[in-house]
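Comments concern the structure below.
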There are 2 protein chains.
Amino acid sequence: MYDMVSSLKEGGTFLLNCKWTDAEMEKELPVSMKRALAKKHIKMYAIDALATAQKAGSPKSQNMVLQAAFFKIANIIPYDEAEGYMKKAVEKTYGKKGPEVVKANCDAIDMAISELREVEIPEWWATTKVGAKAEIPADAKADKYYSEFISVCNAQEGNKLPVSKVSDDGSVPTGTTKYEKRGTAPVVPVWDITKCIQCNQCSYVCPHAAIRPVLATEDELKNAPKNFKTKNANGFAGMQFRMQISPMDCTGCSSCANVCPAPGKALKMADFEETAKVEKPNWDFAQTVPVKSVPATNPKNSQFSQPLFEFSGACAGCGETPYVKLVTQLFGDRMIIANATGCSSIYGGSAPVCPYTKNAKGEGPAWANSLFEDNAQFGYGMFLAYKARRDKLACDMQKAIDLGANETLKAAFEEWGANMKNVDITRKCADTIKAALPEAIKAASGELKSVLETIYQDSDCIVKKSFWIIGGDGWAYDIGYGGLDHVLAQDEDVNVLVLDTEVYSNTGGQASKSSPTGSVAKFAAAGKRTKKKDLGMMAMSYGYVYVAQCAMGASQPQLLKALTEAEKYDGPSLVICYSTCINHGIRMDLGQTEQKKAVEAGYWQLYRYNPDAGFTLDSKEPTASYQDFLLGETRYKSLKASKPEVAAKLFEKAENDAKVRLETYKIKAEESKANN
Amino acid sequence: MYDMVSSLKEGGTFLLNCKWTDAEMEKELPVSMKRALAKKHIKMYAIDALATAQKAGSPKSQNMVLQAAFFKIANIIPYDEAEGYMKKAVEKTYGKKGPEVVKANCDAIDMAISELREVEIPEWWATTKVGAKAEIPADAKADKYYSEFISVCNAQEGNKLPVSKVSDDGSVPTGTTKYEKRGTAPVVPVWDITKCIQCNQCSYVCPHAAIRPVLATEDELKNAPKNFKTKNANGFAGMQFRMQISPMDCTGCSSCANVCPAPGKALKMADFEETAKVEKPNWDFAQTVPVKSVPATNPKNSQFSQPLFEFSGACAGCGETPYVKLVTQLFGDRMIIANATGCSSIYGGSAPVCPYTKNAKGEGPAWANSLFEDNAQFGYGMFLAYKARRDKLACDMQKAIDLGANETLKAAFEEWGANMKNVDITRKCADTIKAALPEAIKAASGELKSVLETIYQDSDCIVKKSFWIIGGDGWAYDIGYGGLDHVLAQDEDVNVLVLDTEVYSNTGGQASKSSPTGSVAKFAAAGKRTKKKDLGMMAMSYGYVYVAQCAMGASQPQLLKALTEAEKYDGPSLVICYSTCINHGIRMDLGQTEQKKAVEAGYWQLYRYNPDAGFTLDSKEPTASYQDFLLGETRYKSLKASKPEVAAKLFEKAENDAKVRLETYKIKAEESKANN
């Protein structure tokens, strides 16, 4: 896909990071590349950086491996000298993470040199006609925006695009990450049909929507590939069930396999290449099976709805994206999103592609991002604009009734006017009105005709929309808090989703007011002195704001309940979701387990405050050690290593802060009980 | 003071608003004015607008009187026509305030015409040498900044000033409002020595620091004017007591007379001219009597300290300035203020004068104003800069000790280092160090000399400063809230004073998040739908922020206690003060009484939350009708007049909101009791 050789000089040196043997390169390298390598008489080297790093016991050190290989062959300075510098840098960078980490990185450097090999380039490559071709999915090929814009940008040739190819108003199509098929995962899950208990938890937690349950009738399976195994669907008579992964979209985080509760695990991580051969056709076929949405009354059922957020560029194992994905499964087809700057704006809208997508009817989230400091206001503005448009629509419908609209339309207009905030009724009215309008417009004349035309133009306003203001804790607790507070105070029907990583994730881990006492972050290198701000409590002080705190890994049903209630509540809602993050210094494949631990240790509380129903503390009394939990994360552990006395003091304070917080919630829950 | 005649044309028309008879003008008009009037053959008219408006039963309608007089003599349109327009405008502007207000304003118009009179200008005025001279106080005359800058600006000749007269860095001297002696009050208080019980409440509530108790020894009274009557000071043996007003600085709001609790009232409002004759010399003499500060253990004693905020341009009867004044009496000599945009930045720093002032030692508040949206951060930055300077000073003192500073300095440096946050000790150390340094510097050489010189330069940092971040509710609840929250969260020793008028006062009465349900304001013309934000509760959620709510008119001791505790607390403090305002539509002379009513009706609560001591609800169970309180203020009453049904609903909600709020405070108080 990328041109990696045109800037090479005659007789230059080229290092390729790949897992291929010399023989395999024959078919894995593209024609143009092979020709250029041979014509320019390139000195070529290869190394499998991942395998080398794994061998050294430091799978994340691929960059270290490649750096060592680079210095070995580049001959900029004598390699011995370079090695000395690199190892000194390792000591400096990782010293505080402990001697094991230092050793593993140094081993990776040594192993790089022993694994590095020269590749013979056959002379006849200069005129070869045989080689690999980039695989472009059929749907991508058919999409003009893909071929004219995305593919050009993705090949890093975007600056060759003429201005005429760039959108006039800045809007871009959604649903384009599916074309990328990045295939970045070294390992992907393999489904064991015999062990699967059909709980859909793997799908619920997948950060990239790369594993999805399929419900299909026997009839729909007629043309399935032979490996497309299914079993009787529990609870859906006459349906077949299958859990389908997309190997090309999976990032290999292993979160699905981690959460699988089936005895003996129904998902195991396996080599990408092998699995992809089997599962690519299966995935393609699964995409042709019509989605069977069922009411999301529990986490399992929520997963039969199509995720309208998929294949984003978020980190493997991202703790935020499963929340965003779930929201789109619940409300995505009528969702409007204002997104704060931060990780969620990066993976939510990185040009040239967009992970938000559309269902078969062409319905899906509309998404936009503004500044760090004004996202709540930005979303509130969208809400107000839409509210004004709907109010005008109501006037127009009344006008049409007065001017003698036909009986079908009259009934639908009246029903809509009386139920503007009811999702199901407005959906029904939208179908009726959209179906009846074209004929009615034809039949009408004069003012009625023009009013009906206006209604037709505004028919996107008929279905009640779901407004979401999304951002991280840097936005919600800090930079955007003034606006967030102001918008919540307005008592209007907007929903706020806070992806709380307790740190500025996207900018590299600066402390926010969400960062708890004792955590190490930028601007809090010696451990944060002040405690975590209680954003939820502050919002609850209004009395008319729905507030919930969730942690998917601790309770999938509680999260589902909170999101459903928040969206339903006819007023402002704030849902604060604990999101594990690479900045925490944890194993990202175990992110969901870490969330569970956070709640069990009393580090994070689950609750829902519904102004209509009171406060419910959903998490139980802590059962695990608070201190053990802290020491399981590098953001805390590292303080203990560098400043043991400070750490002891701050961790004790942190535990006490959490206890006080829990007490406050208990009192609130008791008050609520007393009042109900 | 003002040149009012140089732009008059030959034979032009001139209207003077004054209370003088034609004969009195002889001595009341300045020479230059009399000459110009005569030379240009001016047709001159006079009217006493205040007396006319009072006669019409609408003392505030002076502008209406003058407008009518203007149209009568200006002959722009036939007066009958002008009268019609004016009366129509009255109907439109005041209609919703009721028929009495309309009638009074129309009467003012009619009465203007009957009271308007022509003034004969004697021909010999053209060469007269007799006339009034502007009275410039002696201290003003002696101040170069007054004569070169203030007096020029105040004469509205500021644009004639050369750039060289403008401060290079934007800083201006404080203590300059005392030169203005505006004499704007039509009535001023007269003190009845026989009735006075020496409670000092009049002084406590005075918005302009224009009435002050004097404590003097017999000896100090030797040269007193004969009318400078005193009596034995209660509780201060050997001292004489007197309550002294400054007629030229008083604005005539009558708040002092209103709060006077003495049987039969020891203060009564009387004609300005008569009183000024007697009291001007008395005031001047009182200023020469040394201030006798005593510990501010109660409201009475707090008033013997010099107000370091005086004679501002705030409205007569302003509800905010008594709070600001009190803070300066308590901490002013070591106070640094960051002031948010709003009324307090206008009356706090209107060029060319500044109401913040200095004591006899030259110590007083340093004051600055930044933008609406960043005042908390602005003040926090000042705090951080000062903290860094003090930390450096501590290092320098240690260095000086190490280099062999003399015993006196060594002892003082050590004592200071161990007590940097102790006001009294740092004051004592400052005296010792400042006294000993010059000699020690002379005696020292080499590095020690240079370190001691540095300490001398930084000696303004020795006394512990008192940091205050001041602003209104528009700043604290709305525009500056994001920053305020952030600064409070930092757990540093800054104090925040919120002057809560429940509305954007300075910009003309827009609703803020502090505006309660049902109040009428701009952006909430149909009554505010959402309830008042509980700023204090939100700040309390941190657990380490001192928070208090006060209303001076309801409890002077509670306010004093709150301010003292807030300042003493070694962490962030937030004091929210209920401030009556012209925007409330109340009688401003009764502002203090209105505050009392607000608390008695359960409209406003008094409390103090000290992280070190828990939550105390200082106000009692409401004893008066909430609804009656609302109907006593135009901001509510006007909604009842224009939309009675909406008003009924919103007022009920408002009362309920207040009850819920009170319940929350009670629960907090009980919790605190249980924990202590």
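Every chain in the structure tokens has a letter given in the order shown (A, B, ...), and although residue numbers restart at 1 in each chain, ligands are simply numbered from 1 in the order shown.
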inquiry  = Applying 7 Å and only C-alpha atoms, which residues near region 172-174 of chain B remain after dropping the ones on its own chain fewer than 2 positions away? List them as a ChimeraX atom specification.
reply    = /B:167,170,176,354-357
request  = Hey, list the chain B side of the contact with chain A: 7 Å cut-off, only C-alpha atoms, answer as JSON, numbers by chain.
outcome  = {"B": [478, 481, 482, 486, 490, 530, 533, 534, 538, 541, 542]}
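Closest to Ala351 (chain A) among A:Ala521, A:Val152, A:Val291, A:Val327 is A:Val152, based on only C-alpha atoms.
Residues lying within 7 Å of Tyr578 (chain A), counting only C-alpha atoms and ignoring same-chain neighbours fewer than 5 positions away, are A:Leu499, A:Asp500, A:Thr501, A:Cys550, A:Ala551.
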Keeping only N, CA, C and O atoms, take the residues you just selected and write them out as a PDB file, in the first residue's frame.
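Here's the written file part-v5.pdb:
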ATOM      1  N   LEU A 499     -15.841   9.646  29.471  1.00  0.00           N
ATOM      2  CA  LEU A 499     -14.953   8.490  29.414  1.00  0.00           C
ATOM      3  C   LEU A 499     -13.794   8.802  30.342  1.00  0.00           C
ATOM      4  O   LEU A 499     -12.854   9.514  29.973  1.00  0.00           O
ATOM      5  N   ASP A 500     -13.890   8.303  31.559  1.00  0.00           N
ATOM      6  CA  ASP A 500     -13.010   8.756  32.630  1.00  0.00           C
ATOM      7  C   ASP A 500     -11.790   7.847  32.759  1.00  0.00           C
ATOM      8  O   ASP A 500     -11.848   6.777  33.343  1.00  0.00           O
ATOM      9  N   THR A 501     -10.666   8.307  32.218  1.00  0.00           N
ATOM     10  CA  THR A 501      -9.413   7.558  32.382  1.00  0.00           C
ATOM     11  C   THR A 501      -8.592   8.133  33.534  1.00  0.00           C
ATOM     12  O   THR A 501      -7.470   7.711  33.766  1.00  0.00           O
ATOM     13  N   CYS A 550     -20.377   4.295  36.162  1.00  0.00           N
ATOM     14  CA  CYS A 550     -20.387   2.926  35.670  1.00  0.00           C
ATOM     15  C   CYS A 550     -18.962   2.431  35.477  1.00  0.00           C
ATOM     16  O   CYS A 550     -18.016   3.207  35.387  1.00  0.00           O
ATOM     17  N   ALA A 551     -18.850   1.116  35.406  1.00  0.00           N
ATOM     18  CA  ALA A 551     -17.602   0.469  35.014  1.00  0.00           C
ATOM     19  C   ALA A 551     -18.045  -0.842  34.362  1.00  0.00           C
ATOM     20  O   ALA A 551     -18.469  -1.768  35.051  1.00  0.00           O
TER      21      ALA A 551
END
ask   = If you run DSSP on the backbone, which residues of region 563-669 of chain B are helix (DSSP H, G or I), as JSON, numbers by chain?
value = {"B": [563, 564, 565, 566, 567, 568, 582, 583, 584, 588, 589, 590, 591, 592, 593, 594, 595, 596, 597, 598, 599, 600, 626, 627, 628, 629, 630, 631, 634, 635, 636, 637, 638, 639, 640, 641, 642, 644, 645, 646, 647, 648, 649, 650, 651, 652, 653, 654, 655, 656, 657, 658, 659, 660, 661, 662, 663, 664, 665, 666, 667, 668, 669]}
key: Coordinates-based distance that separates CA of Ala49 (chain A) from CA of Gly632 (chain A) (Å, one decimal)   =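 Computed distance, CA of Gly632 (chain A) to CA of Ala49 (chain A), equals 28.3 Å.
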Near Gly379 (chain B), within 8 Å and counting only C-alpha atoms, which residues show up once chain neighbours fewer than 3 positions away are dropped, as a PDB file with all heavy atoms, in the first residue's frame?
ATOM      1  N   ILE B 337      -5.615  41.484  45.989  1.00  0.00           N
ATOM      2  CA  ILE B 337      -6.944  41.184  45.447  1.00  0.00           C
ATOM      3  C   ILE B 337      -6.906  40.993  43.936  1.00  0.00           C
ATOM      4  O   ILE B 337      -6.351  41.812  43.211  1.00  0.00           O
ATOM      5  CB  ILE B 337      -7.939  42.338  45.750  1.00  0.00           C
ATOM      6  CG1 ILE B 337      -7.980  42.624  47.254  1.00  0.00           C
ATOM      7  CG2 ILE B 337      -9.327  42.015  45.208  1.00  0.00           C
ATOM      8  CD1 ILE B 337      -8.783  43.867  47.621  1.00  0.00           C
ATOM      9  N   ALA B 338      -7.521  39.902  43.486  1.00  0.00           N
ATOM     10  CA  ALA B 338      -7.803  39.722  42.059  1.00  0.00           C
ATOM     11  C   ALA B 338      -9.300  39.922  41.907  1.00  0.00           C
ATOM     12  O   ALA B 338     -10.088  39.237  42.567  1.00  0.00           O
ATOM     13  CB  ALA B 338      -7.414  38.325  41.601  1.00  0.00           C
ATOM     14  N   ASN B 339      -9.693  40.851  41.078  1.00  0.00           N
ATOM     15  CA  ASN B 339     -11.106  41.186  40.988  1.00  0.00           C
ATOM     16  C   ASN B 339     -11.691  40.833  39.634  1.00  0.00           C
ATOM     17  O   ASN B 339     -11.189  41.247  38.595  1.00  0.00           O
ATOM     18  CB  ASN B 339     -11.297  42.672  41.264  1.00  0.00           C
ATOM     19  CG  ASN B 339     -12.651  42.977  41.863  1.00  0.00           C
ATOM     20  OD1 ASN B 339     -12.727  43.446  43.001  1.00  0.00           O
ATOM     21  ND2 ASN B 339     -13.726  42.649  41.157  1.00  0.00           N
ATOM     22  N   ASN B 375     -10.727  35.186  36.408  1.00  0.00           N
ATOM     23  CA  ASN B 375     -10.301  35.877  37.623  1.00  0.00           C
ATOM     24  C   ASN B 375      -9.735  34.950  38.687  1.00  0.00           C
ATOM     25  O   ASN B 375      -8.781  35.303  39.373  1.00  0.00           O
ATOM     26  CB  ASN B 375     -11.458  36.691  38.214  1.00  0.00           C
ATOM     27  CG  ASN B 375     -10.999  37.519  39.378  1.00  0.00           C
ATOM     28  OD1 ASN B 375     -10.027  38.254  39.253  1.00  0.00           O
ATOM     29  ND2 ASN B 375     -11.635  37.381  40.519  1.00  0.00           N
ATOM     30  N   ALA B 376     -10.332  33.762  38.824  1.00  0.00           N
ATOM     31  CA  ALA B 376      -9.811  32.849  39.845  1.00  0.00           C
ATOM     32  C   ALA B 376      -8.378  32.461  39.500  1.00  0.00           C
ATOM     33  O   ALA B 376      -7.490  32.460  40.359  1.00  0.00           O
ATOM     34  CB  ALA B 376     -10.700  31.619  39.952  1.00  0.00           C
ATOM     35  N   MET B 382      -1.258  35.049  41.072  1.00  0.00           N
ATOM     36  CA  MET B 382      -0.628  35.979  42.017  1.00  0.00           C
ATOM     37  C   MET B 382      -0.138  35.211  43.236  1.00  0.00           C
ATOM     38  O   MET B 382       0.979  35.423  43.722  1.00  0.00           O
ATOM     39  CB  MET B 382      -1.651  37.031  42.489  1.00  0.00           C
ATOM     40  CG  MET B 382      -2.118  37.972  41.412  1.00  0.00           C
ATOM     41  SD  MET B 382      -3.367  39.069  42.143  1.00  0.00           S
ATOM     42  CE  MET B 382      -3.882  39.975  40.695  1.00  0.00           C
ATOM     43  N   PHE B 383      -1.011  34.310  43.724  1.00  0.00           N
ATOM     44  CA  PHE B 383      -0.653  33.516  44.899  1.00  0.00           C
ATOM     45  C   PHE B 383       0.606  32.689  44.630  1.00  0.00           C
ATOM     46  O   PHE B 383       1.527  32.649  45.452  1.00  0.00           O
ATOM     47  CB  PHE B 383      -1.825  32.599  45.275  1.00  0.00           C
ATOM     48  CG  PHE B 383      -1.455  31.564  46.297  1.00  0.00           C
ATOM     49  CD1 PHE B 383      -1.447  31.879  47.647  1.00  0.00           C
ATOM     50  CD2 PHE B 383      -1.078  30.291  45.904  1.00  0.00           C
ATOM     51  CE1 PHE B 383      -1.070  30.933  48.595  1.00  0.00           C
ATOM     52  CE2 PHE B 383      -0.704  29.344  46.845  1.00  0.00           C
ATOM     53  CZ  PHE B 383      -0.701  29.662  48.194  1.00  0.00           C
ATOM     54  N   PHE B 467      -4.711  36.521  50.387  1.00  0.00           N
ATOM     55  CA  PHE B 467      -5.116  36.564  48.979  1.00  0.00           C
ATOM     56  C   PHE B 467      -6.619  36.478  48.835  1.00  0.00           C
ATOM     57  O   PHE B 467      -7.241  35.549  49.341  1.00  0.00           O
ATOM     58  CB  PHE B 467      -4.451  35.424  48.204  1.00  0.00           C
ATOM     59  CG  PHE B 467      -3.024  35.745  47.910  1.00  0.00           C
ATOM     60  CD1 PHE B 467      -2.037  35.505  48.850  1.00  0.00           C
ATOM     61  CD2 PHE B 467      -2.672  36.365  46.721  1.00  0.00           C
ATOM     62  CE1 PHE B 467      -0.724  35.853  48.616  1.00  0.00           C
ATOM     63  CE2 PHE B 467      -1.358  36.720  46.472  1.00  0.00           C
ATOM     64  CZ  PHE B 467      -0.381  36.452  47.425  1.00  0.00           C
ATOM     65  N   TRP B 468      -7.183  37.418  48.110  1.00  0.00           N
ATOM     66  CA  TRP B 468      -8.629  37.456  47.907  1.00  0.00           C
ATOM     67  C   TRP B 468      -8.964  37.513  46.425  1.00  0.00           C
ATOM     68  O   TRP B 468      -8.416  38.324  45.683  1.00  0.00           O
ATOM     69  CB  TRP B 468      -9.245  38.635  48.657  1.00  0.00           C
ATOM     70  CG  TRP B 468      -9.234  38.372  50.128  1.00  0.00           C
ATOM     71  CD1 TRP B 468      -8.187  38.556  50.981  1.00  0.00           C
ATOM     72  CD2 TRP B 468     -10.287  37.791  50.908  1.00  0.00           C
ATOM     73  NE1 TRP B 468      -8.521  38.139  52.244  1.00  0.00           N
ATOM     74  CE2 TRP B 468      -9.811  37.665  52.236  1.00  0.00           C
ATOM     75  CE3 TRP B 468     -11.597  37.374  50.622  1.00  0.00           C
ATOM     76  CZ2 TRP B 468     -10.591  37.133  53.265  1.00  0.00           C
ATOM     77  CZ3 TRP B 468     -12.368  36.850  51.649  1.00  0.00           C
ATOM     78  CH2 TRP B 468     -11.867  36.730  52.954  1.00  0.00           C
ATOM     79  N   ILE B 469      -9.866  36.639  46.050  1.00  0.00           N
ATOM     80  CA  ILE B 469     -10.370  36.598  44.678  1.00  0.00           C
ATOM     81  C   ILE B 469     -11.829  37.026  44.786  1.00  0.00           C
ATOM     82  O   ILE B 469     -12.625  36.346  45.432  1.00  0.00           O
ATOM     83  CB  ILE B 469     -10.217  35.173  44.112  1.00  0.00           C
ATOM     84  CG1 ILE B 469      -8.722  34.827  44.002  1.00  0.00           C
ATOM     85  CG2 ILE B 469     -10.927  35.044  42.778  1.00  0.00           C
ATOM     86  CD1 ILE B 469      -8.448  33.361  43.724  1.00  0.00           C
TER      87      ILE B 469
END
inquiry  = Neighbouring residues of Ala548 (chain A) were defined as those with any atom within 12 Å, considering only C-alpha atoms; residues of the same chain fewer than 4 positions away were excluded. Please report them as a PyMOL selection string.
reply    = chain A and resi 495-498+534-537+539-540+558-567+572-578+605-611+614-619+665
remark   = CA of Val646 (chain A) to CA of Glu492 (chain B) measures 19.2 Å
Find the residues near region 190-196 of chain A: any atom within 9 Å, counting only C-alpha atoms, skip ones fewer than 4 places away on the same chain, and give them as a short mmCIF file (atom, residue, chain, number, x, y, z; two decimals) with N, CA and C atoms, in the first residue's frame.
data_model
loop_
_atom_site.label_atom_id
_atom_site.label_comp_id
_atom_site.auth_asym_id
_atom_site.auth_seq_id
_atom_site.Cartn_x
_atom_site.Cartn_y
_atom_site.Cartn_z
N LYS A 229 -19.83 -22.24 10.79
CA LYS A 229 -20.57 -23.14 11.69
C LYS A 229 -21.52 -22.33 12.56
N THR A 230 -22.70 -22.87 12.80
CA THR A 230 -23.67 -22.22 13.69
C THR A 230 -24.27 -23.25 14.64
N LYS A 231 -24.92 -22.76 15.68
CA LYS A 231 -25.66 -23.66 16.58
C LYS A 231 -27.00 -23.02 16.89
N ARG A 242 -24.09 -17.65 15.86
CA ARG A 242 -22.66 -17.78 15.64
C ARG A 242 -21.97 -16.52 16.15
N MET A 243 -20.76 -16.69 16.69
CA MET A 243 -19.97 -15.53 17.07
C MET A 243 -18.92 -15.34 15.99
N GLN A 244 -18.99 -14.20 15.33
CA GLN A 244 -18.13 -13.99 14.17
C GLN A 244 -17.08 -12.92 14.44
N ILE A 245 -15.82 -13.25 14.20
CA ILE A 245 -14.80 -12.22 14.34
C ILE A 245 -14.37 -11.72 12.96
N ALA A 257 -11.42 -12.73 24.80
CA ALA A 257 -11.04 -14.03 25.36
C ALA A 257 -10.95 -13.93 26.88
N CYS A 260 -14.51 -13.97 28.44
CA CYS A 260 -15.35 -15.14 28.13
C CYS A 260 -15.56 -15.98 29.39
N PRO A 261 -16.81 -16.12 29.83
CA PRO A 261 -17.06 -16.84 31.08
C PRO A 261 -17.32 -18.33 30.86
N ALA A 262 -17.28 -18.78 29.60
CA ALA A 262 -17.60 -20.19 29.33
C ALA A 262 -16.53 -21.09 29.95
N PRO A 263 -16.93 -22.18 30.55
CA PRO A 263 -15.94 -23.11 31.11
C PRO A 263 -14.95 -23.52 30.03
N GLY A 264 -13.68 -23.39 30.30
CA GLY A 264 -12.65 -23.74 29.32
C GLY A 264 -12.46 -22.71 28.24
N LYS A 265 -13.20 -21.62 28.29
CA LYS A 265 -13.10 -20.49 27.35
C LYS A 265 -13.54 -20.87 25.91
N ALA A 266 -14.49 -20.16 25.40
CA ALA A 266 -14.96 -20.37 24.04
C ALA A 266 -14.17 -19.54 23.04
N LEU A 267 -13.29 -18.67 23.57
CA LEU A 267 -12.44 -17.87 22.68
C LEU A 267 -11.00 -18.03 23.10
N LYS A 268 -10.16 -18.33 22.13
CA LYS A 268 -8.73 -18.38 22.42
C LYS A 268 -7.99 -17.61 21.35
N MET A 269 -6.92 -16.95 21.74
CA MET A 269 -6.17 -16.16 20.79
C MET A 269 -5.27 -17.09 19.97
N ALA A 270 -5.25 -16.87 18.64
CA ALA A 270 -4.45 -17.74 17.77
C ALA A 270 -3.80 -16.89 16.68
N THR A 275 -5.81 -17.89 11.09
CA THR A 275 -7.22 -17.63 11.39
C THR A 275 -7.86 -16.79 10.30
N GLU A 279 -11.47 -17.02 8.55
CA GLU A 279 -12.50 -16.12 9.04
C GLU A 279 -12.82 -14.93 8.13
#
inquiry  = One number please: CA of Gln198 (chain A) to CA of Pro213 (chain A), in Å, one decimal.
reply    =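 We find that CA of Gln198 (chain A) and CA of Pro213 (chain A) lie 8.3 Å from each other.
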